[in-house]
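The file run.csv comes next; it holds CSV, C-alpha atoms.
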chain,number,residue,atom,x,y,z
K,1,MET,CA,-20.2,-25.9,55.0
K,2,LEU,CA,-23.9,-26.2,55.8
K,3,ASN,CA,-24.9,-25.2,59.2
K,4,ILE,CA,-28.6,-26.2,59.8
K,5,LYS,CA,-29.2,-25.2,63.4
K,6,ARG,CA,-33.0,-24.9,63.3
K,7,ILE,CA,-35.5,-26.8,61.2
K,8,LEU,CA,-39.1,-25.5,61.1
K,9,LEU,CA,-41.4,-28.5,60.6
K,10,PRO,CA,-45.1,-27.7,60.2
K,11,VAL,CA,-47.4,-30.7,60.9
K,12,ASP,CA,-51.0,-31.6,60.5
K,13,ILE,CA,-53.1,-32.8,63.5
K,14,PRO,CA,-53.9,-35.6,63.1
K,15,ILE,CA,-50.7,-36.5,61.2
K,16,SER,CA,-51.5,-37.5,57.6
K,17,THR,CA,-48.0,-38.3,56.4
K,18,HIS,CA,-44.9,-39.4,58.3
K,19,ALA,CA,-42.4,-39.1,55.5
K,20,VAL,CA,-41.3,-35.5,56.1
K,21,LEU,CA,-41.0,-36.2,59.8
K,22,ARG,CA,-38.5,-39.0,59.0
K,23,GLU,CA,-36.6,-36.8,56.7
K,24,ALA,CA,-36.4,-34.0,59.3
K,25,ALA,CA,-35.2,-36.4,61.9
K,26,THR,CA,-32.5,-37.6,59.6
K,27,LEU,CA,-31.2,-34.1,59.0
K,28,ALA,CA,-31.5,-33.1,62.6
K,29,HIS,CA,-29.5,-36.1,63.8
K,30,HIS,CA,-26.8,-35.4,61.2
K,31,PHE,CA,-26.5,-31.6,61.7
K,32,HIS,CA,-27.4,-31.7,65.5
K,33,SER,CA,-30.3,-29.4,64.6
K,34,GLU,CA,-33.2,-28.3,66.8
K,35,ILE,CA,-36.6,-29.1,65.3
K,36,ILE,CA,-39.4,-26.6,65.8
K,37,LEU,CA,-42.7,-28.3,65.3
K,38,LEU,CA,-45.4,-25.9,64.2
K,39,HIS,CA,-49.1,-26.6,64.0
K,40,VAL,CA,-51.5,-24.1,62.6
K,41,ILE,CA,-54.9,-24.7,64.2
K,42,THR,CA,-57.8,-25.7,61.9
K,43,GLU,CA,-61.3,-27.0,62.6
K,44,ARG,CA,-60.1,-30.5,61.8
K,45,SER,CA,-57.3,-30.3,64.4
K,46,LEU,CA,-59.7,-28.9,67.1
K,47,GLU,CA,-61.9,-31.9,66.5
K,48,ALA,CA,-58.8,-34.1,67.0
K,49,GLY,CA,-58.1,-32.6,70.4
K,50,VAL,CA,-55.9,-29.6,69.9
K,51,PRO,CA,-57.0,-27.2,72.7
K,52,ALA,CA,-58.7,-24.0,71.6
K,53,ASP,CA,-58.2,-22.3,75.0
K,54,GLU,CA,-55.1,-20.2,75.1
K,55,HIS,CA,-54.0,-21.3,78.6
K,56,ALA,CA,-54.5,-25.0,77.8
K,57,ALA,CA,-52.7,-24.6,74.5
K,58,ALA,CA,-49.7,-23.1,76.3
K,59,ASN,CA,-49.3,-26.4,78.3
K,60,TRP,CA,-50.2,-28.7,75.4
K,61,ASP,CA,-47.3,-31.0,74.2
K,62,LEU,CA,-47.3,-31.1,70.4
K,63,LEU,CA,-44.4,-33.6,70.2
K,64,ALA,CA,-46.2,-35.9,72.6
K,65,ALA,CA,-49.3,-35.8,70.3
K,66,VAL,CA,-47.2,-36.6,67.3
K,67,LEU,CA,-45.5,-39.5,68.9
K,68,ARG,CA,-48.7,-40.8,70.5
K,69,GLN,CA,-50.3,-41.0,67.0
K,70,ALA,CA,-47.2,-42.8,65.7
K,71,ARG,CA,-47.5,-45.4,68.4
K,72,GLU,CA,-51.2,-45.8,67.8
K,73,GLU,CA,-50.3,-46.5,64.1
K,74,ARG,CA,-47.5,-48.9,65.3
K,75,ASP,CA,-44.8,-46.7,63.7
K,76,GLU,CA,-42.3,-47.3,66.5
K,77,LYS,CA,-39.5,-46.4,64.0
K,78,LEU,CA,-40.7,-42.8,63.8
K,79,VAL,CA,-40.7,-42.7,67.6
K,80,ALA,CA,-37.1,-44.0,67.7
K,81,ASP,CA,-36.1,-41.5,65.0
K,82,PHE,CA,-37.0,-38.6,67.3
K,83,ASP,CA,-35.3,-40.0,70.3
K,84,GLY,CA,-32.5,-37.8,71.5
K,85,LEU,CA,-33.5,-34.8,69.3
K,86,ALA,CA,-34.0,-31.3,70.6
K,87,VAL,CA,-37.7,-30.7,69.7
K,88,ARG,CA,-40.1,-27.9,70.8
K,89,GLY,CA,-43.7,-27.2,69.7
K,90,GLU,CA,-45.4,-24.0,68.6
K,91,LEU,CA,-49.1,-23.4,67.9
K,92,ALA,CA,-50.5,-20.7,65.6
K,93,ASP,CA,-53.8,-19.8,64.0
K,94,GLY,CA,-54.8,-17.9,60.9
K,95,ASP,CA,-53.6,-18.3,57.4
K,96,VAL,CA,-51.4,-21.4,57.2
K,97,ALA,CA,-48.7,-20.1,54.7
K,98,THR,CA,-48.5,-16.8,56.5
K,99,ALA,CA,-48.0,-18.5,59.9
K,100,ILE,CA,-45.2,-20.7,58.4
K,101,VAL,CA,-43.4,-17.7,56.9
K,102,GLN,CA,-43.7,-15.6,60.1
K,103,THR,CA,-42.6,-18.4,62.4
K,104,ALA,CA,-39.6,-19.2,60.2
K,105,HIS,CA,-38.6,-15.5,60.4
K,106,GLU,CA,-39.2,-15.2,64.2
K,107,GLN,CA,-37.4,-18.4,65.0
K,108,ARG,CA,-34.6,-17.8,62.6
K,109,ALA,CA,-35.1,-21.1,60.9
K,110,ASP,CA,-32.4,-22.4,58.6
K,111,LEU,CA,-34.7,-24.8,56.8
K,112,ILE,CA,-38.5,-25.2,56.4
K,113,MET,CA,-39.7,-28.8,55.8
K,114,ILE,CA,-43.3,-29.3,54.8
K,115,PRO,CA,-45.3,-32.1,53.2
K,116,SER,CA,-46.7,-31.5,49.7
K,117,TYR,CA,-49.4,-34.1,50.2
K,118,SER,CA,-51.6,-34.0,53.3
K,119,PHE,CA,-55.0,-32.8,54.5
K,120,THR,CA,-53.9,-29.3,55.1
K,121,PHE,CA,-51.0,-28.8,52.7
K,122,ALA,CA,-52.7,-30.4,49.7
K,123,LYS,CA,-55.2,-27.5,50.1
K,124,PHE,CA,-52.9,-24.7,51.0
K,125,LEU,CA,-49.4,-25.5,49.5
K,126,LEU,CA,-50.3,-26.2,45.9
K,127,GLY,CA,-51.9,-22.9,44.9
K,128,SER,CA,-51.4,-19.2,45.1
K,129,VAL,CA,-50.4,-19.5,48.7
K,130,THR,CA,-47.3,-21.5,47.7
K,131,ALA,CA,-45.7,-18.3,46.7
K,132,LYS,CA,-45.9,-17.1,50.3
K,133,VAL,CA,-44.0,-20.1,51.5
K,134,LEU,CA,-41.5,-20.6,48.6
K,135,HIS,CA,-40.8,-17.0,47.9
K,136,GLY,CA,-42.0,-15.2,51.0
K,137,THR,CA,-39.0,-16.2,53.0
K,138,GLU,CA,-35.3,-16.3,52.4
K,139,CYS,CA,-35.2,-19.7,54.2
K,140,PRO,CA,-34.8,-22.7,52.0
K,141,VAL,CA,-37.9,-24.8,51.7
K,142,TRP,CA,-37.9,-28.6,51.6
K,143,THR,CA,-41.1,-30.1,50.2
K,144,GLY,CA,-41.8,-33.8,50.7
K,145,ALA,CA,-42.4,-36.2,47.8
K,146,HIS,CA,-45.8,-35.5,46.3
K,147,VAL,CA,-47.2,-38.9,46.9
K,148,GLU,CA,-50.0,-40.0,49.3
K,149,GLU,CA,-47.7,-41.9,51.5
K,150,LEU,CA,-44.2,-43.5,51.1
K,151,PRO,CA,-43.4,-47.0,52.5
K,152,ARG,CA,-42.2,-46.9,56.1
K,153,ARG,CA,-38.4,-47.1,55.7
K,154,ASP,CA,-35.3,-45.3,56.7
K,155,PHE,CA,-34.7,-42.1,54.7
K,156,ALA,CA,-31.1,-41.8,53.3
K,157,ILE,CA,-29.4,-39.4,51.0
K,158,ARG,CA,-27.3,-41.5,48.6
K,159,ASN,CA,-28.0,-39.7,45.3
K,160,VAL,CA,-28.6,-35.9,45.0
K,161,LEU,CA,-30.0,-34.4,41.8
K,162,CYS,CA,-29.5,-30.7,41.2
K,163,ALA,CA,-31.4,-28.8,38.5
K,164,VAL,CA,-29.3,-26.1,36.8
K,165,ASP,CA,-30.7,-23.2,34.8
K,166,LEU,CA,-27.7,-21.9,32.8
K,167,ALA,CA,-29.5,-18.7,32.0
K,168,SER,CA,-29.8,-17.9,35.8
K,169,ARG,CA,-27.1,-16.5,38.0
K,170,ASN,CA,-28.6,-18.2,41.0
K,171,VAL,CA,-26.0,-20.8,42.1
K,172,LYS,CA,-26.8,-20.9,45.9
K,173,HIS,CA,-28.8,-24.0,45.4
K,174,VAL,CA,-25.9,-25.7,43.6
K,175,ALA,CA,-23.7,-25.0,46.6
K,176,TRP,CA,-26.4,-26.6,48.9
K,177,ALA,CA,-26.6,-29.6,46.7
K,178,ALA,CA,-22.8,-30.1,46.6
K,179,GLN,CA,-22.5,-29.7,50.3
K,180,LEU,CA,-25.3,-32.1,51.1
K,181,ALA,CA,-23.7,-34.6,48.8
K,182,THR,CA,-20.4,-34.2,50.6
K,183,GLU,CA,-22.1,-34.4,54.1
K,184,PHE,CA,-23.8,-37.6,53.3
K,185,GLY,CA,-21.2,-39.1,50.9
K,186,ALA,CA,-23.8,-39.1,48.1
K,187,ARG,CA,-23.4,-39.0,44.4
K,188,LEU,CA,-24.2,-35.6,42.8
K,189,THR,CA,-25.7,-35.2,39.4
K,190,LEU,CA,-26.3,-31.8,37.8
K,191,ALA,CA,-29.3,-31.7,35.4
K,192,HIS,CA,-30.0,-29.2,32.7
K,193,VAL,CA,-33.2,-29.1,30.6
K,194,THR,CA,-32.9,-27.4,27.1
K,195,ALA,CA,-35.8,-26.2,25.0
K,196,ALA,CA,-37.8,-28.9,23.2
K,197,LEU,CA,-36.0,-30.2,20.1
K,198,GLU,CA,-39.1,-31.2,18.2
K,199,LEU,CA,-40.2,-29.1,15.2
K,200,TRP,CA,-43.6,-29.1,13.6
K,201,GLY,CA,-43.5,-30.2,10.1
K,202,PRO,CA,-45.3,-32.3,7.5
K,203,GLY,CA,-46.6,-35.5,9.2
K,204,GLY,CA,-46.3,-34.1,12.7
K,205,ASN,CA,-43.4,-33.5,15.0
K,206,ILE,CA,-39.9,-34.1,13.7
K,207,VAL,CA,-36.4,-33.7,15.1
K,208,ASP,CA,-33.7,-32.0,13.1
K,209,HIS,CA,-30.7,-34.1,14.2
K,210,VAL,CA,-28.2,-31.5,13.2
K,211,TRP,CA,-30.0,-29.0,15.4
K,212,GLU,CA,-30.3,-31.6,18.1
K,213,LYS,CA,-26.6,-32.2,18.1
K,214,ALA,CA,-25.8,-28.5,18.2
K,215,ILE,CA,-28.2,-27.8,21.1
K,216,LEU,CA,-27.1,-30.7,23.2
K,217,GLY,CA,-23.5,-30.3,22.5
K,218,ASN,CA,-23.6,-26.6,23.4
K,219,ALA,CA,-25.5,-27.5,26.6
K,220,MET,CA,-22.9,-30.1,27.6
K,221,ARG,CA,-20.0,-27.6,27.0
K,222,GLN,CA,-21.7,-25.0,29.2
K,223,MET,CA,-22.4,-27.6,31.9
K,224,ASP,CA,-18.8,-28.7,31.8
K,225,LYS,CA,-17.7,-25.1,32.2
K,226,PHE,CA,-20.2,-24.5,35.0
K,227,ARG,CA,-19.1,-27.6,36.8
K,228,GLU,CA,-15.5,-26.5,36.6
K,229,GLU,CA,-16.3,-23.0,37.9
K,230,MET,CA,-18.3,-24.4,40.8
K,231,GLY,CA,-15.6,-26.9,41.6
K,232,ALA,CA,-18.3,-29.6,41.9
K,233,LYS,CA,-17.5,-33.2,41.5
K,234,ALA,CA,-20.6,-34.3,39.7
K,235,GLU,CA,-22.1,-36.2,36.9
K,236,VAL,CA,-24.1,-34.4,34.2
K,237,PHE,CA,-27.6,-35.1,32.9
K,238,ILE,CA,-28.9,-33.2,29.8
K,239,GLY,CA,-32.6,-33.4,28.7
K,240,SER,CA,-34.9,-31.5,26.5
K,241,GLY,CA,-38.5,-30.5,26.6
K,242,ASP,CA,-41.0,-30.2,29.5
K,243,VAL,CA,-39.0,-29.2,32.6
K,244,PRO,CA,-41.0,-31.1,35.3
K,245,LYS,CA,-41.3,-34.2,33.1
K,246,VAL,CA,-37.6,-34.3,32.2
K,247,LEU,CA,-36.5,-33.7,35.8
K,248,SER,CA,-38.9,-36.5,36.9
K,249,GLN,CA,-37.1,-38.8,34.3
K,250,ALA,CA,-33.7,-37.6,35.6
K,251,ALA,CA,-34.7,-38.4,39.2
K,252,LYS,CA,-35.7,-42.0,38.2
K,253,GLN,CA,-32.6,-42.5,36.0
K,254,THR,CA,-30.2,-41.3,38.7
K,255,LYS,CA,-32.2,-43.0,41.6
K,256,ALA,CA,-32.3,-39.6,43.3
K,257,ASP,CA,-33.3,-39.3,46.9
K,258,LEU,CA,-33.5,-35.6,46.7
K,259,LEU,CA,-33.9,-32.9,44.0
K,260,VAL,CA,-32.3,-29.5,44.8
K,261,THR,CA,-33.6,-26.5,42.7
K,262,GLY,CA,-33.3,-22.8,42.7
K,263,CYS,CA,-36.6,-21.0,43.3
K,264,TYR,CA,-35.5,-18.0,45.4
K,265,PRO,CA,-35.2,-15.2,44.6
K,266,TYR,CA,-34.7,-15.6,40.8
K,267,GLY,CA,-34.8,-19.2,39.6
K,268,GLY,CA,-35.3,-18.5,35.9
K,269,HIS,CA,-37.4,-21.1,34.2
K,270,LEU,CA,-36.9,-23.4,37.2
K,271,ARG,CA,-38.9,-20.9,39.4
K,272,THR,CA,-41.6,-20.7,36.7
K,273,HIS,CA,-42.0,-24.5,36.8
K,274,GLY,CA,-41.5,-24.7,40.5
K,275,TYR,CA,-45.0,-26.1,41.4
K,276,GLY,CA,-45.0,-28.5,38.4
K,277,ILE,CA,-41.6,-29.8,39.5
K,278,ILE,CA,-42.8,-30.5,43.1
K,279,CYS,CA,-45.9,-32.4,41.7
K,280,SER,CA,-44.0,-34.4,39.1
K,281,VAL,CA,-40.8,-35.4,40.8
K,282,GLN,CA,-41.7,-38.1,43.3
K,283,VAL,CA,-38.8,-37.4,45.7
K,284,PRO,CA,-38.4,-34.6,48.2
K,285,VAL,CA,-37.6,-31.2,46.6
K,286,LEU,CA,-35.3,-28.7,48.3
K,287,ASN,CA,-36.1,-25.2,47.0
K,288,VAL,CA,-33.2,-22.8,47.7
Serialized structure, structure tokens:
Amino acid sequence: MLNIKRILLPVDIPISTHAVLREAATLAHHFHSEIILLHVITERSLEAGVPADEHAAANWDLLAAVLRQAREERDEKLVADFDGLAVRGELADGDVATAIVQTAHEQRADLIMIPSYSFTFAKFLLGSVTAKVLHGTECPVWTGAHVEELPRRDFAIRNVLCAVDLASRNVKHVAWAAQLATEFGARLTLAHVTAALELWGPGGNIVDHVWEKAILGNAMRQMDKFREEMGAKAEVFIGSGDVPKVLSQAAKQTKADLLVTGCYPYGGHLRTHGYGIICSVQVPVLNV
């Protein structure tokens, strides 16, 4: 079973999105996890009051700063979410992605949870540095929904969507998805995306329905076999074409609260499309 003892939670100062904070609090309460807040100092955070002096920084309360801003923005629900949790703060400087990876290793984090849309992470996460975070650590990485800000509401895991690459032998993420679904009593759906079925012919794109039936039928048989081998009680979604687009459709159709995908160390075509998936699927993405 999942044993999430430590969650590394990098944050902006000032906080630009509260969604991942709520998600981290939900997991921490459920698994009795310790949350390690990490802030990597930037010019913007220094202007916001993060101390530059090493001695002052050692006595600065990062959690208090986060909760103070929440109160100023009248987000008392977030303050309540952190009540009773074991939380400690860490400050770092230098390259953001490198600091996250190093801290995760030093603190033996079981999960990294970061926003994909904020002042800092919009600049540093979605680019070449993403590889340092997603693939520079063996620690699973949870990226928040790639939207500017979600409505202030309780986060719950009721429906889990898990992307499956039948050509890859990486099944660790499927085990995570199945166990998370079990932990939260959620519905689990395994999704597989085949190659595009459209062919170029006279008049534009056409679909050979015999070919379509053969491809989708073979995919369903393989998924049934895979589901049986994994011992997972799950529904199956089969789509074709652009991977991020199809997974986005699957997330909407299944009302997913979370997408779990395999990006480390060898995620096949899921790893290739990793950044596109994060940007397209407007729910949190857990990369294992």
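As for CA of Gly144 in chain K and CA of Met113 in chain K, they are spaced 7.4 Å apart.
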Within 6 Å of Ala145 in chain K using all atoms listed in the file, minus same-chain residues under 5 positions, as a list in words:
Gln282, Val283 and Pro284 of chain K
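Distance annotation: of K:Val20, K:Ala250, K:Met230, K:Leu166, the residue with the minimal separation from Asn218 in chain K is K:Leu166; atom set is only C-alpha atoms.
Atom pair CA of Gly241 in chain K / CA of Val281 in chain K has a distance of 15.2 Å (rounded to one decimal).
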Enumerate, as a ChimeraX atom specification, the protein, DNA and RNA residues whose atoms approach (-24.5, -28.5, 24.8) to within 12 Å, taking into account only C-alpha atoms and the coordinate frame of the file.
/K:166,192-195,211-226,236-240
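Comparing K:Asn287, K:Ser280, K:Thr261, K:Thr137 by their smallest distance to Ala104 in chain K, the closest is K:Thr137 (using only C-alpha atoms).
Note that CA of Ile4 in chain K and CA of Leu27 in chain K are 8.4 Å apart.
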If we count all atoms listed in the file and set the cut-off at 9 Å, which residues sit around Val174 in chain K, ignoring sequence neighbours fewer than 6 positions away in its own chain? Please answer as a PDB file with C-alpha atoms, in the frame of the given file.
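Wrote it out as out_9.pdb, contents follow:
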ATOM      1  CA  CYS K 162     -29.500 -30.700  41.200  1.00  0.00           C
ATOM      2  CA  ALA K 163     -31.400 -28.800  38.500  1.00  0.00           C
ATOM      3  CA  VAL K 164     -29.300 -26.100  36.800  1.00  0.00           C
ATOM      4  CA  LEU K 190     -26.300 -31.800  37.800  1.00  0.00           C
ATOM      5  CA  MET K 230     -18.300 -24.400  40.800  1.00  0.00           C
ATOM      6  CA  ALA K 232     -18.300 -29.600  41.900  1.00  0.00           C
ATOM      7  CA  VAL K 260     -32.300 -29.500  44.800  1.00  0.00           C
ATOM      8  CA  THR K 261     -33.600 -26.500  42.700  1.00  0.00           C
ATOM      9  CA  GLY K 262     -33.300 -22.800  42.700  1.00  0.00           C
ATOM     10  CA  VAL K 288     -33.200 -22.800  47.700  1.00  0.00           C
TER      11      VAL K 288
END
Residues near range 9-13 of chain K, anyone? I mean within 9 Å using all atoms listed in the file, not counting same-chain ones fewer than 4 positions away, as a PyMOL selection string.
chain K and resi 17+20-21+24+35-42+44-46+48-50+65-66+100+111-115+118-121
Would you please work out which residue, of K:Glu54, K:Arg6, K:Ile157, K:Ala167, is nearest to Arg88 in chain K when using all atoms listed in the file?
K:Arg6
